[in-house]
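To be precise, the following lines are model05.pdb, and they hold PDB, C-alpha atoms.
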ATOM      1  CA  MET A   1       0.000   0.000   0.000
ATOM      2  CA  SER A   2       1.481   3.335  -1.011
ATOM      3  CA  LEU A   3       1.868   6.250   1.350
ATOM      4  CA  ASP A   4      -0.746   8.266  -0.561
ATOM      5  CA  MET A   5      -3.299   5.476  -0.264
ATOM      6  CA  ALA A   6      -2.631   5.044   3.452
ATOM      7  CA  ASP A   7      -2.910   8.779   4.111
ATOM      8  CA  ASN A   8      -6.117   8.996   2.096
ATOM      9  CA  ALA A   9      -7.611   6.079   4.032
ATOM     10  CA  VAL A  10      -6.727   7.659   7.383
ATOM     11  CA  ALA A  11      -8.037  11.053   6.281
ATOM     12  CA  ALA A  12     -11.309   9.499   5.081
ATOM     13  CA  ALA A  13     -11.740   7.591   8.336
ATOM     14  CA  ALA A  14     -10.950  10.708  10.374
ATOM     15  CA  SER A  15     -13.512  12.655   8.388
ATOM     16  CA  LYS A  16     -16.214  10.076   9.082
ATOM     17  CA  VAL A  17     -15.310   9.974  12.779
ATOM     18  CA  THR A  18     -15.426  13.780  12.914
ATOM     19  CA  TYR A  19     -18.916  13.924  11.420
ATOM     20  CA  GLY A  20     -20.189  11.065  13.559
ATOM     21  CA  SER A  21     -18.830  12.480  16.778
ATOM     22  CA  ALA A  22     -20.177  15.935  15.945
ATOM     23  CA  ALA A  23     -23.618  14.372  15.479
ATOM     24  CA  ALA A  24     -23.241  12.458  18.743
ATOM     25  CA  SER A  25     -22.248  15.685  20.477
ATOM     26  CA  VAL A  26     -25.356  17.479  19.263
ATOM     27  CA  ILE A  27     -27.594  14.560  20.238
ATOM     28  CA  GLY A  28     -25.923  14.346  23.639
ATOM     29  CA  PHE A  29     -26.437  18.019  24.389
ATOM     30  CA  LEU A  30     -30.020  17.978  23.119
ATOM     31  CA  SER A  31     -30.888  14.998  25.311
ATOM     32  CA  SER A  32     -29.132  16.565  28.314
ATOM     33  CA  ILE A  33     -26.482  13.864  28.580
ATOM     34  CA  ASP A  34     -23.570  16.210  29.027
ATOM     35  CA  TRP A  35     -20.749  13.661  29.038
ATOM     36  CA  ILE A  36     -21.819  12.333  25.593
ATOM     37  CA  GLY A  37     -21.928  15.877  24.285
ATOM     38  CA  VAL A  38     -18.486  16.716  25.665
ATOM     39  CA  LEU A  39     -16.980  13.430  24.508
ATOM     40  CA  GLY A  40     -18.442  13.882  21.029
ATOM     41  CA  PHE A  41     -17.065  17.415  20.874
ATOM     42  CA  VAL A  42     -13.580  16.282  21.944
ATOM     43  CA  VAL A  43     -13.553  13.461  19.384
ATOM     44  CA  ALA A  44     -14.788  15.848  16.688
ATOM     45  CA  ILE A  45     -11.951  18.272  17.453
ATOM     46  CA  GLY A  46      -9.463  15.377  17.384
ATOM     47  CA  GLY A  47     -10.820  14.204  14.029
ATOM     48  CA  LEU A  48     -10.526  17.721  12.660
ATOM     49  CA  ALA A  49      -6.907  17.889  13.819
ATOM     50  CA  VAL A  50      -6.122  14.567  12.123
ATOM     51  CA  ASN A  51      -7.785  15.775   8.913
ATOM     52  CA  ILE A  52      -5.778  18.993   8.910
ATOM     53  CA  TYR A  53      -2.529  17.109   9.556
ATOM     54  CA  PHE A  54      -3.025  14.643   6.709
ATOM     55  CA  LYS A  55      -4.210  17.337   4.282
ATOM     56  CA  GLN A  56      -1.023  19.295   4.986
ATOM     57  CA  ARG A  57       1.061  16.186   4.301
ATOM     58  CA  GLN A  58      -0.813  15.624   1.037
ATOM     59  CA  ASP A  59      -0.310  19.256   0.009
ATOM     60  CA  ARG A  60       3.409  19.001   0.754
ATOM     61  CA  ARG A  61       3.731  15.835  -1.362
ATOM     62  CA  ASP A  62       1.731  17.438  -4.172
ATOM     63  CA  ARG A  63       4.032  20.490  -4.188
ATOM     64  CA  ILE A  64       7.121  18.266  -4.358
ATOM     65  CA  ARG A  65       5.568  16.187  -7.144
ATOM     66  CA  LEU A  66       4.616  19.347  -9.076
ATOM     67  CA  LYS A  67       8.144  20.761  -8.802
ATOM     68  CA  GLY A  68       9.543  17.484 -10.149
ATOM     69  CA  GLU A  69       7.083  17.471 -13.041
ATOM     70  CA  GLN A  70       7.918  21.087 -13.868
ATOM     71  CA  ALA A  71      11.653  20.339 -13.834
ATOM     72  CA  GLU A  72      11.104  17.296 -16.044
ATOM     73  CA  ARG A  73       8.988  19.325 -18.467
ATOM     74  CA  ALA A  74      11.632  22.087 -18.633
ATOM     75  CA  ALA A  75      14.377  19.523 -19.296
ATOM     76  CA  ARG A  76      12.276  17.893 -22.035
ATOM     77  CA  MET A  77      11.622  21.271 -23.671
ATOM     78  CA  LYS A  78      15.339  22.126 -23.542
ATOM     79  CA  ARG A  79      16.221  18.753 -25.064
ATOM     80  CA  ASP A  80      13.653  19.204 -27.827
ATOM     81  CA  GLU A  81      14.958  22.705 -28.571
ATOM     82  CA  LEU A  82      18.551  21.455 -28.807
ATOM     83  CA  GLU A  83      17.462  18.599 -31.057
ATOM     84  CA  SER A  84      15.565  21.031 -33.270
ATOM     85  CA  GLN A  85      18.572  23.333 -33.526
ATOM     86  CA  ALA A  86      20.810  20.371 -34.409
ATOM     87  CA  ARG A  87      18.429  19.271 -37.189
ATOM     88  CA  ILE A  88      18.253  22.797 -38.577
ATOM     89  CA  ALA A  89      22.055  23.010 -38.551
ATOM     90  CA  MET A  90      22.323  19.650 -40.328
ATOM     91  CA  MET A  91      19.839  20.767 -43.009
ATOM     92  CA  ARG A  92      21.772  24.000 -43.550
ATOM     93  CA  GLU A  93      24.950  21.978 -44.087
ATOM     94  CA  GLY A  94      23.181  19.897 -46.703
ATOM     95  CA  TYR A  95      23.060  16.625 -44.790
ATOM     96  CA  ASP A  96      21.065  13.941 -46.592
ATOM     97  CA  PRO A  97      20.243  10.921 -44.385
ATOM     98  CA  ASP A  98      19.410   8.798 -47.476
ATOM     99  CA  ARG A  99      22.870   9.333 -48.944
ATOM    100  CA  THR A 100      25.512   6.892 -47.722
TER     101      THR A 100
END
Whole structure, structure tokens version:
Amino acid sequence: MSLDMADNAVAAAASKVTYGSAAASVIGFLSSIDWIGVLGFVVAIGGLAVNIYFKQRQDRRDRIRLKGEQAERAARMKRDELESQARIAMMREGYDPDRT
């Protein structure tokens, strides 16, 4: 399992726990069971913290991946430009690839 898949699974689970505990908190307060309300609120805050943490990790990995892709694209464009210049120079010199 890749790191991205593991992080996405944890973030999805944390999101579901956050929503569930927020609902439990509201139900607990509405039914005057204070400890359920407080516990639900604490778990919801914890789930939110986990979500924020894993989203920041994902953003950091995405930035690194984007920088690598941009560098690769720039290198490919430079290589293509050099190849194009070499072909133009060969045509100017009268190079014929069919002639041996």
Residues in the PyMOL selection byres ((chain A and resi 39) around 12), expressed as a count of residues only: 24
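Between CA of Gln58 (chain A) and CA of Ala6 (chain A) there is a distance of 11.0 Å.
Interatomic distance, CA of Ser15 (chain A) to CA of Leu48 (chain A): 7.3 Å.
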Picked residues, the PyMOL selection byres ((chain A and resi 7) around 12), expected as JSON, numbers by chain: {"A": [1, 2, 3, 4, 5, 6, 8, 9, 10, 11, 12, 13, 14, 50, 51, 52, 53, 54, 55, 56, 57, 58, 59, 61]}
CA of Lys78 (chain A) to CA of Arg60 (chain A), straight-line distance in Å: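 These atoms are spaced 27.2 Å apart.
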Could you rebuild region 9-31 of chain A with N, CA and C atoms and give it back as a PDB file, keeping the file's coordinate frame?
ATOM      1  N   ALA A   9      -6.736   6.934   3.228  1.00  0.00           N
ATOM      2  CA  ALA A   9      -7.611   6.079   4.032  1.00  0.00           C
ATOM      3  C   ALA A   9      -7.763   6.638   5.440  1.00  0.00           C
ATOM      4  N   VAL A  10      -6.665   7.090   6.030  1.00  0.00           N
ATOM      5  CA  VAL A  10      -6.727   7.659   7.383  1.00  0.00           C
ATOM      6  C   VAL A  10      -7.534   8.947   7.371  1.00  0.00           C
ATOM      7  N   ALA A  11      -7.303   9.793   6.365  1.00  0.00           N
ATOM      8  CA  ALA A  11      -8.037  11.053   6.281  1.00  0.00           C
ATOM      9  C   ALA A  11      -9.533  10.802   6.094  1.00  0.00           C
ATOM     10  N   ALA A  12      -9.895   9.819   5.283  1.00  0.00           N
ATOM     11  CA  ALA A  12     -11.309   9.499   5.081  1.00  0.00           C
ATOM     12  C   ALA A  12     -11.939   8.977   6.370  1.00  0.00           C
ATOM     13  N   ALA A  13     -11.223   8.119   7.070  1.00  0.00           N
ATOM     14  CA  ALA A  13     -11.740   7.591   8.336  1.00  0.00           C
ATOM     15  C   ALA A  13     -11.875   8.713   9.365  1.00  0.00           C
ATOM     16  N   ALA A  14     -10.895   9.602   9.421  1.00  0.00           N
ATOM     17  CA  ALA A  14     -10.950  10.708  10.374  1.00  0.00           C
ATOM     18  C   ALA A  14     -12.124  11.624  10.057  1.00  0.00           C
ATOM     19  N   SER A  15     -12.389  11.819   8.785  1.00  0.00           N
ATOM     20  CA  SER A  15     -13.512  12.655   8.388  1.00  0.00           C
ATOM     21  C   SER A  15     -14.838  12.045   8.849  1.00  0.00           C
ATOM     22  N   LYS A  16     -14.982  10.751   8.658  1.00  0.00           N
ATOM     23  CA  LYS A  16     -16.214  10.076   9.082  1.00  0.00           C
ATOM     24  C   LYS A  16     -16.361  10.115  10.602  1.00  0.00           C
ATOM     25  N   VAL A  17     -15.268   9.919  11.315  1.00  0.00           N
ATOM     26  CA  VAL A  17     -15.310   9.974  12.779  1.00  0.00           C
ATOM     27  C   VAL A  17     -15.677  11.383  13.237  1.00  0.00           C
ATOM     28  N   THR A  18     -15.128  12.393  12.555  1.00  0.00           N
ATOM     29  CA  THR A  18     -15.426  13.780  12.914  1.00  0.00           C
ATOM     30  C   THR A  18     -16.919  14.061  12.775  1.00  0.00           C
ATOM     31  N   TYR A  19     -17.488  13.684  11.631  1.00  0.00           N
ATOM     32  CA  TYR A  19     -18.916  13.924  11.420  1.00  0.00           C
ATOM     33  C   TYR A  19     -19.773  13.131  12.405  1.00  0.00           C
ATOM     34  N   GLY A  20     -19.428  11.893  12.631  1.00  0.00           N
ATOM     35  CA  GLY A  20     -20.189  11.065  13.559  1.00  0.00           C
ATOM     36  C   GLY A  20     -20.134  11.589  14.980  1.00  0.00           C
ATOM     37  N   SER A  21     -18.955  11.989  15.405  1.00  0.00           N
ATOM     38  CA  SER A  21     -18.830  12.480  16.778  1.00  0.00           C
ATOM     39  C   SER A  21     -19.487  13.852  16.934  1.00  0.00           C
ATOM     40  N   ALA A  22     -19.475  14.655  15.879  1.00  0.00           N
ATOM     41  CA  ALA A  22     -20.177  15.935  15.945  1.00  0.00           C
ATOM     42  C   ALA A  22     -21.676  15.692  16.095  1.00  0.00           C
ATOM     43  N   ALA A  23     -22.194  14.723  15.350  1.00  0.00           N
ATOM     44  CA  ALA A  23     -23.618  14.372  15.479  1.00  0.00           C
ATOM     45  C   ALA A  23     -23.919  13.844  16.873  1.00  0.00           C
ATOM     46  N   ALA A  24     -23.042  12.993  17.390  1.00  0.00           N
ATOM     47  CA  ALA A  24     -23.241  12.458  18.743  1.00  0.00           C
ATOM     48  C   ALA A  24     -23.200  13.578  19.779  1.00  0.00           C
ATOM     49  N   SER A  25     -22.350  14.547  19.565  1.00  0.00           N
ATOM     50  CA  SER A  25     -22.248  15.685  20.477  1.00  0.00           C
ATOM     51  C   SER A  25     -23.550  16.475  20.505  1.00  0.00           C
ATOM     52  N   VAL A  26     -24.094  16.739  19.328  1.00  0.00           N
ATOM     53  CA  VAL A  26     -25.356  17.479  19.263  1.00  0.00           C
ATOM     54  C   VAL A  26     -26.476  16.688  19.933  1.00  0.00           C
ATOM     55  N   ILE A  27     -26.557  15.408  19.634  1.00  0.00           N
ATOM     56  CA  ILE A  27     -27.594  14.560  20.238  1.00  0.00           C
ATOM     57  C   ILE A  27     -27.426  14.499  21.757  1.00  0.00           C
ATOM     58  N   GLY A  28     -26.187  14.398  22.200  1.00  0.00           N
ATOM     59  CA  GLY A  28     -25.923  14.346  23.639  1.00  0.00           C
ATOM     60  C   GLY A  28     -26.350  15.616  24.351  1.00  0.00           C
ATOM     61  N   PHE A  29     -26.039  16.765  23.762  1.00  0.00           N
ATOM     62  CA  PHE A  29     -26.437  18.019  24.389  1.00  0.00           C
ATOM     63  C   PHE A  29     -27.954  18.210  24.342  1.00  0.00           C
ATOM     64  N   LEU A  30     -28.575  17.823  23.222  1.00  0.00           N
ATOM     65  CA  LEU A  30     -30.020  17.978  23.119  1.00  0.00           C
ATOM     66  C   LEU A  30     -30.762  17.068  24.094  1.00  0.00           C
ATOM     67  N   SER A  31     -30.219  15.909  24.377  1.00  0.00           N
ATOM     68  CA  SER A  31     -30.888  14.998  25.311  1.00  0.00           C
ATOM     69  C   SER A  31     -30.362  15.150  26.730  1.00  0.00           C
TER      70      SER A  31
END
